[in-house]
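Here the structure comes first, spelled out in structure tokens, and everything after it is commentary.
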Amino acid sequence: MGTIITFYCLSALIIVSAVMAVTSKRILRAATFLLFVLIATAGLYLLLNYHFLAAVQLSVYAGGILILFIFAILLTSPKGDRTEPEDRGKVAMGLAAALSGLVITAMVTVKHIFLYADPNPTVAGDHEINMKTIGHALMGTEKYQYLLPFEVLSVLLLVCIIGGIFIARKR
Amino acid sequence: MIPMEHYLVVSSIMFFAGIYGCIARKNLLAILISIELILNSVEINFSVFNRYLYPEQMEGMFFSLFGIAVSAAETAVAIAIIINIYRNAQNIDVRHIDKMKG
């Protein structure tokens with residue numbers, strides 16, 4: 001029961017904050033609503049018993065990316081965050097695309113019958129993956145283990161660091 | 001017990017809010033925020049499918065992890081580009097950025 005109430009509270013927070021993040025006039029407020037969405041998403045991961053994923057979500061997204069966003073906003077809006085005039089055609093086009101896509105996706109999702117692993121799935125309980133399993137899966141080279149993507153990702157991050165410095169440096 | 005469809009509907013609302021933002025917003029940083037919403041909803045979907053349909057495996061969780069790392073890298077480079085654009089053009093409004101200068 002508590003799980004269900006938590007889930008619907010988090011969902012309401014996610015939906016309201018996501019809509020506010022794309023409709024808010026001030027860009028700094030949009031970033032704050034994005035922060036709410038990311039924290040509520042970490043809550044959803046906790047409900048699904050992915051504790052490590054929730055910790056990563058909080059530290060990387062809510063801790064790292066949001067700081068980058070806020071710094072970029074403060075650097076690029078000189079006279080406070082001024083409102084941007086809306087273009088009615090663009091807004092109508094965006095609303096049409098988003099609403100039609102949402103209706104189609106929601107209909108397909110609700111109508112489709114998923115092949116559950118067991119017919120009456122229980123998420124709450126003893127399904128949490130412990131850290132040892134995650135660490136072995138990240139550091140192994142066999143089937144269902146992820147050493148190669150892990151290393152490729154570290155090279156990607158290095159490339160991004162160098163590229164970021166190279167692009168944003170003063171000339 | 002929460003049905004899986006409820007998670008999926010929440011994440012698709014987040015996804016299409018991001019689509020709307022990508023089309024309607026004019027500030028480059030606002031567009032980047034919309035892209036973050038889209039990526040985040042995809043990661044929710046990965047982990048929900050993993051948990052409900054294949055609870056014995058953890059491929060969806062690792063896809064979410066790698067997705068988070070890739071989106072962090074993407075955001076860092078995008079913000080570097082946006083700051084550079086601001087330095088050259090003095091604003092980050094997509095209507096005014098129509099000149100490519102070397």
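Residues are named by chain letter and number: chains run A, B, ... in the order of the structure tokens, numbers start at 1 in each chain, and ligands are numbered from 1 in the order shown.
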
Counting only C-alpha atoms, which residues of chain A come no farther than 7 Å from chain B, as a count of residues only? 32

Determine, counting only C-alpha atoms, which protein, DNA and RNA residues have an atom within 12 Å of an atom of A:Tyr146; residues of the same chain fewer than 2 positions away are not included. Present the result as a list of chain:residue names.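 Once the adjacent positions are removed, what remains is A:Thr133, A:Ile134, A:Gly135, A:His136, A:Ala137, A:Leu138, A:Met139, A:Gly140, A:Thr141, A:Glu142, A:Lys143, A:Tyr144, A:Leu148, A:Pro149, A:Phe150, A:Glu151, A:Val152, A:Leu153, B:Met58, B:Glu59, B:Met61, B:Phe62, B:Phe63, B:Leu65, B:Phe66.
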
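As for atom CA of A:Leu34 and atom CA of A:Ala21, they are spaced 5.9 Å apart.
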
What separation in Å, quoted to one decimal, exists between atom CA of B:Ile38 and atom CA of A:Ile67?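 For atom CA of B:Ile38 relative to atom CA of A:Ile67, the distance reads 19.0 Å.
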